[in-house]
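A short worksheet on the structure shown next.
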Amino acid sequence: MDECLAAGTVSSNGPEVERFEEAFARRVDAPVAVACSSGTSALHVALLAAGVTAGDEVFVSDFTFAATVHPVSYVGARPLLVDADARTWNMAAELVAEELDRRAARGLAQPKAVLVAHVLGLAADIQAIAAACDRHGVLLLEDAAQAVGVRLADSHRQLGTFGAAGCFSFNGNKIITSAGGGMLVSADAALAARARHLTMQARVAGFEYEHDMVGYNYRMTALAAALGLAQLQRLDAFIARKLEIASRYDEALAALPGLTFLPRPAWLAPTLWLYSVLVDPATARLDRVALAAHLAKAGIQTRALWTPMHAQPSYRAADRLGGALADRLHAEGLSLPCSTGLTDLEQSRVIDTLHEALR
Ligand SMILES: *Cc1c(COP(=O)(O)O)cnc(C)c1O
């Protein structure tokens, strides 16, 4: 950071951006990475570079942060919202496969793309979704904004590297941050080149200020890249700390009635970026709103899980497959304090307060 301030290259023309791209590509084992101003802008250019345009249908996760779905609207495409499943709390691979198979059997039009979000430091069953997309020639894109460092258990294959493009976020709340930034990775050099071009106002190299299409100011700044590079070196330590916090909660809360814990599919090595539980109002002593209020009174901040996209005003009219699990995850979900800076003492207080409230 001092280096780029000293060199006067705080904008996008310093070497830090390329260095961060190379380091990130190496870390996730992707051939090319394109640094962007945010995860949202990475998703926007991923859709554009992959050729998703106005009127196209895109299958997209229902249970996710809204920034997964908004870029689908930016390009004028139509989202079809796919529910999560209980095994992953992410897009249900079975719903996707069944619908693509059903359409193929009836000769119906297939979607242009499936855009799957991997939320909470967990992941959708990406291998099953990729197989279904392959079978029917449907483009696969990944929103891995919350999945930096999430990989398959039996290999180092990183989530975000299964689709034609995968997009990551380094927003302040993510597992590593560049204060604001994103990254698109791809094995398709031409797609990545189009995406990079779009992030830099689609300006053609040369003296004349020529732009061969409508472009965007979506390039990451050198200052953000310098911060991202430093954070990337700490990623493994952050993941280790997240997993440590999670296993302590797992053990300490296991006996409390009415709680359901994050799914842990054997094939996944999660980061558990968020530690969320479901509070069953029928069997827990307090429902999640009362529990959140009880914790807040003790000075402990919790967070809700997202209102499903199908319940948002902008997407209420969207087509969808299921939605009941997304509703339940929202109605019962509560994320507990789990930042890497959480001290053991602070975590003990959270655990004690939960016991007090629920036992
Ligand atoms: C954070 C996030 C984004 C957007 O990333 P920004 O860098 O904040 O633009 C997109 N999708 C999901 C699932 C996210 O959590």
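Scheme for the structure tokens: letters A, B, ... for chains in order shown; per-chain residue numbers from 1; ligand numbers from 1 in order shown.
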For Asp327 (chain A), work out the shell of residues within 9 Å, counting only C-alpha atoms and skipping chain neighbours fewer than 3 positions away, then give it as a PyMOL selection string. chain A and resi 63+307-308+311+323-324+330-332
Helix (DSSP H, G or I) residues, from DSSP on the backbone, in region 15-193 of chain A, as a PyMOL selection string: chain A and resi 15-28+39-49+66-68+70-74+93-106+126-136+189-193
| task | Compute the set of protein, DNA and RNA residues whose minimum atom distance to ligand 1 is at most 6 Å, using only C-alpha atoms and all ligand atoms, and state it as a PyMOL selection string. | result | chain A and resi 38-40+64-65+67-68+117+119+143+145-146+169-171+180-182
Residue subset to file, keeping all heavy atoms, as an mmCIF file, in the first residue's frame:
```cif
data_model
loop_
_atom_site.group_PDB
_atom_site.id
_atom_site.type_symbol
_atom_site.label_atom_id
_atom_site.label_comp_id
_atom_site.auth_asym_id
_atom_site.auth_seq_id
_atom_site.Cartn_x
_atom_site.Cartn_y
_atom_site.Cartn_z
ATOM 1 N N SER A 38 -15.959 -4.574 -7.880
ATOM 2 C CA SER A 38 -16.799 -5.229 -6.867
ATOM 3 C C SER A 38 -17.196 -6.615 -7.368
ATOM 4 O O SER A 38 -17.017 -6.936 -8.553
ATOM 5 C CB SER A 38 -18.069 -4.410 -6.591
ATOM 6 O OG SER A 38 -18.929 -4.439 -7.718
ATOM 7 N N GLY A 39 -17.750 -7.399 -6.472
ATOM 8 C CA GLY A 39 -18.293 -8.691 -6.885
ATOM 9 C C GLY A 39 -19.475 -8.505 -7.825
ATOM 10 O O GLY A 39 -19.655 -9.270 -8.786
ATOM 11 N N THR A 40 -20.260 -7.471 -7.559
ATOM 12 C CA THR A 40 -21.426 -7.196 -8.402
ATOM 13 C C THR A 40 -21.001 -6.854 -9.827
ATOM 14 O O THR A 40 -21.590 -7.352 -10.802
ATOM 15 C CB THR A 40 -22.250 -6.034 -7.806
ATOM 16 O OG1 THR A 40 -22.511 -6.307 -6.425
ATOM 17 C CG2 THR A 40 -23.567 -5.860 -8.533
ATOM 18 N N THR A 64 -30.151 -16.240 -1.580
ATOM 19 C CA THR A 64 -28.842 -15.617 -1.740
ATOM 20 C C THR A 64 -28.972 -14.138 -1.417
ATOM 21 O O THR A 64 -30.081 -13.627 -1.249
ATOM 22 C CB THR A 64 -28.308 -15.806 -3.181
ATOM 23 O OG1 THR A 64 -26.985 -15.245 -3.274
ATOM 24 C CG2 THR A 64 -29.189 -15.114 -4.212
ATOM 25 N N PHE A 65 -27.846 -13.471 -1.334
ATOM 26 C CA PHE A 65 -27.835 -12.015 -1.248
ATOM 27 C C PHE A 65 -28.241 -11.466 -2.624
ATOM 28 O O PHE A 65 -27.866 -12.035 -3.655
ATOM 29 C CB PHE A 65 -26.435 -11.548 -0.844
ATOM 30 C CG PHE A 65 -26.288 -10.062 -0.727
ATOM 31 C CD1 PHE A 65 -27.051 -9.340 0.173
ATOM 32 C CD2 PHE A 65 -25.375 -9.391 -1.521
ATOM 33 C CE1 PHE A 65 -26.907 -7.951 0.274
ATOM 34 C CE2 PHE A 65 -25.222 -8.017 -1.422
ATOM 35 C CZ PHE A 65 -25.987 -7.293 -0.527
ATOM 36 N N ALA A 67 -27.340 -9.343 -4.641
ATOM 37 C CA ALA A 67 -26.353 -8.995 -5.667
ATOM 38 C C ALA A 67 -26.085 -10.144 -6.634
ATOM 39 O O ALA A 67 -25.462 -9.935 -7.672
ATOM 40 C CB ALA A 67 -25.044 -8.555 -5.018
ATOM 41 N N THR A 68 -26.555 -11.351 -6.315
ATOM 42 C CA THR A 68 -26.475 -12.435 -7.300
ATOM 43 C C THR A 68 -27.440 -12.170 -8.455
ATOM 44 O O THR A 68 -27.112 -12.419 -9.622
ATOM 45 C CB THR A 68 -26.874 -13.789 -6.666
ATOM 46 O OG1 THR A 68 -26.106 -14.008 -5.491
ATOM 47 C CG2 THR A 68 -26.649 -14.937 -7.637
ATOM 48 N N ALA A 117 -25.212 -19.412 -6.933
ATOM 49 C CA ALA A 117 -24.496 -18.740 -5.850
ATOM 50 C C ALA A 117 -24.089 -19.783 -4.811
ATOM 51 O O ALA A 117 -24.836 -20.719 -4.549
ATOM 52 C CB ALA A 117 -25.380 -17.688 -5.203
ATOM 53 N N VAL A 119 -23.383 -19.803 -1.020
ATOM 54 C CA VAL A 119 -23.498 -18.877 0.108
ATOM 55 C C VAL A 119 -23.069 -19.488 1.432
ATOM 56 O O VAL A 119 -23.020 -20.713 1.587
ATOM 57 C CB VAL A 119 -24.935 -18.312 0.232
ATOM 58 C CG1 VAL A 119 -25.296 -17.481 -0.993
ATOM 59 C CG2 VAL A 119 -25.954 -19.406 0.478
ATOM 60 N N ASP A 143 -21.532 -17.546 -8.824
ATOM 61 C CA ASP A 143 -21.333 -16.435 -7.900
ATOM 62 C C ASP A 143 -20.670 -17.021 -6.658
ATOM 63 O O ASP A 143 -21.329 -17.592 -5.796
ATOM 64 C CB ASP A 143 -22.675 -15.779 -7.548
ATOM 65 C CG ASP A 143 -22.509 -14.673 -6.505
ATOM 66 O OD1 ASP A 143 -21.391 -14.490 -5.996
ATOM 67 O OD2 ASP A 143 -23.517 -14.001 -6.206
ATOM 68 N N ALA A 145 -18.964 -15.221 -4.532
ATOM 69 C CA ALA A 145 -18.637 -14.039 -3.722
ATOM 70 C C ALA A 145 -18.376 -14.403 -2.266
ATOM 71 O O ALA A 145 -17.488 -13.858 -1.628
ATOM 72 C CB ALA A 145 -19.774 -13.017 -3.811
ATOM 73 N N GLN A 146 -19.159 -15.355 -1.754
ATOM 74 C CA GLN A 146 -19.013 -15.764 -0.346
ATOM 75 C C GLN A 146 -18.165 -17.021 -0.218
ATOM 76 O O GLN A 146 -18.058 -17.580 0.874
ATOM 77 C CB GLN A 146 -20.391 -16.022 0.266
ATOM 78 C CG GLN A 146 -21.287 -14.797 0.290
ATOM 79 C CD GLN A 146 -22.637 -15.068 0.916
ATOM 80 O OE1 GLN A 146 -22.839 -16.069 1.594
ATOM 81 N NE2 GLN A 146 -23.589 -14.167 0.697
ATOM 82 N N SER A 169 -15.976 -11.848 -4.351
ATOM 83 C CA SER A 169 -16.083 -10.497 -3.796
ATOM 84 C C SER A 169 -15.075 -10.310 -2.670
ATOM 85 O O SER A 169 -14.834 -11.225 -1.873
ATOM 86 C CB SER A 169 -17.494 -10.258 -3.250
ATOM 87 O OG SER A 169 -17.519 -9.076 -2.452
ATOM 88 N N PHE A 170 -14.525 -9.100 -2.599
ATOM 89 C CA PHE A 170 -13.642 -8.713 -1.494
ATOM 90 C C PHE A 170 -14.218 -7.509 -0.775
ATOM 91 O O PHE A 170 -13.501 -6.613 -0.342
ATOM 92 C CB PHE A 170 -12.232 -8.404 -2.024
ATOM 93 C CG PHE A 170 -11.715 -9.445 -2.987
ATOM 94 C CD1 PHE A 170 -11.466 -9.106 -4.311
ATOM 95 C CD2 PHE A 170 -11.519 -10.752 -2.575
ATOM 96 C CE1 PHE A 170 -11.008 -10.065 -5.211
ATOM 97 C CE2 PHE A 170 -11.066 -11.716 -3.472
ATOM 98 C CZ PHE A 170 -10.808 -11.369 -4.793
ATOM 99 N N ASN A 171 -15.543 -7.484 -0.695
ATOM 100 C CA ASN A 171 -16.226 -6.449 0.073
ATOM 101 C C ASN A 171 -15.809 -6.567 1.543
ATOM 102 O O ASN A 171 -15.309 -7.612 1.966
ATOM 103 C CB ASN A 171 -17.742 -6.624 -0.102
ATOM 104 C CG ASN A 171 -18.515 -5.409 0.375
ATOM 105 O OD1 ASN A 171 -17.933 -4.384 0.732
ATOM 106 N ND2 ASN A 171 -19.821 -5.519 0.389
ATOM 107 N N GLY A 180 -13.157 -3.076 -1.062
ATOM 108 C CA GLY A 180 -14.205 -3.104 -2.075
ATOM 109 C C GLY A 180 -13.554 -3.632 -3.325
ATOM 110 O O GLY A 180 -12.549 -3.073 -3.778
ATOM 111 N N GLY A 181 -14.070 -4.722 -3.861
ATOM 112 C CA GLY A 181 -13.461 -5.269 -5.067
ATOM 113 C C GLY A 181 -14.020 -6.632 -5.375
ATOM 114 O O GLY A 181 -14.757 -7.208 -4.569
ATOM 115 N N GLY A 182 -13.701 -7.113 -6.548
ATOM 116 C CA GLY A 182 -14.165 -8.431 -6.965
ATOM 117 C C GLY A 182 -13.189 -9.035 -7.941
ATOM 118 O O GLY A 182 -12.221 -8.377 -8.365
#
```
### Message
Could you pull out the strand (DSSP E or B) residues of region 201-331 of chain A, going by DSSP on the backbone, and write them as number ranges by chain?
### Response
A: 203-204, 210-211, 217, 219, 259-261, 268-269, 275-279, 303-304, 319-321
Q) Excluding same-chain residues fewer than 4 positions from Leu47 (chain A), what lies within 8 Å of it counting only C-alpha atoms, as a ChimeraX atom specification? A) /A:43,51-53,71-72,75
Find the nearest atom pair between each residue of region 318-349 of chain A and region 238-249 of chain A for residues within 9 Å, count only C-alpha atoms, give distances in Å to one decimal, sort rows by chain and ascending number, and present the table as CSV.
```
residue,atom,partner,partner_atom,distance
A:Cys338,CA,A:Ile245,CA,6.5
A:Ser339,CA,A:Lys242,CA,7.4
A:Thr340,CA,A:Arg241,CA,5.9
A:Gly341,CA,A:Arg241,CA,8.8
A:Leu342,CA,A:Ile245,CA,8.4
A:Asp344,CA,A:Ile245,CA,8.5
A:Gln347,CA,A:Ile245,CA,8.0
```
Write a file of the selected residues as a compact mmCIF listing (two decimals), in the first residue's frame, keeping C-alpha atoms.
```txt
# COMPACT_ATOMS: atom_id res chain seq x y z
CA CYS A 338 -18.07 -15.44 13.98
CA SER A 339 -15.68 -12.79 12.74
CA THR A 340 -12.07 -13.92 12.76
CA GLY A 341 -11.42 -11.22 15.38
CA LEU A 342 -13.88 -12.81 17.85
CA ASP A 344 -12.51 -16.93 22.98
CA GLN A 347 -17.48 -16.55 22.11
```
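Proximity ranking of A:Glu21, A:Glu356, A:Asp134, A:Asp62 relative to Arg285 (chain A) places A:Glu356 first, based on only C-alpha atoms.
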The residue from A:Arg87, A:Arg359, A:Lys297, A:His118 with the smallest atom-to-atom distance to Phe162 (chain A), counting only C-alpha atoms, is A:His118
Write out as a count of residues only the residues lying within 7 Å of Ile129 (chain A), counting only C-alpha atoms and excluding same-chain residues fewer than 5 positions away. 3
Would you work out the distance separating CA of Arg328 (chain A) from CA of Leu141 (chain A), expressed in Å to one decimal?
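We find that CA of Arg328 (chain A) and CA of Leu141 (chain A) lie 25.8 Å from each other.
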**Asked** When distances are computed from only C-alpha atoms, which of A:Gly160, A:Pro111, A:Gly76, A:Gly322 shows the smallest separation from Gln127 (chain A)?
**Response**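 Once distances to Gln127 (chain A) are computed over only C-alpha atoms, the minimum belongs to A:Gly160.
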Surrounding residues of Leu152 (chain A) excluding itself and chain neighbours under 3 positions, 12 Å, only C-alpha atoms, as a list in words =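 The filter keeps Val28, Leu122, Ala123, Ala124, Asp125, Ile126, Gln127, Ala147, Gly149, Ser155, His156, Arg157, Gln158, Leu159, Gly160, Thr161, Phe162, Arg264, Pro265, Ala266, Trp267, Leu268, Ala269, Pro270 and Thr271 of chain A.
Considering the residues A:Met91, A:Ala187, A:Val148, A:Met200 and counting only C-alpha atoms, Met213 (chain A) has its shortest atom-to-atom contact with A:Met200.
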Closest of A:Ile176, A:Ala290, A:Leu329, A:Ala202 to Leu232 (chain A), counting only C-alpha atoms, is A:Ile176
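The spacing separating CA of Cys167 (chain A) from CA of Ala132 (chain A) amounts to 20.6 Å.
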A straight line from CA of Met183 (chain A) to CA of Leu262 (chain A) spans 26.7 Å
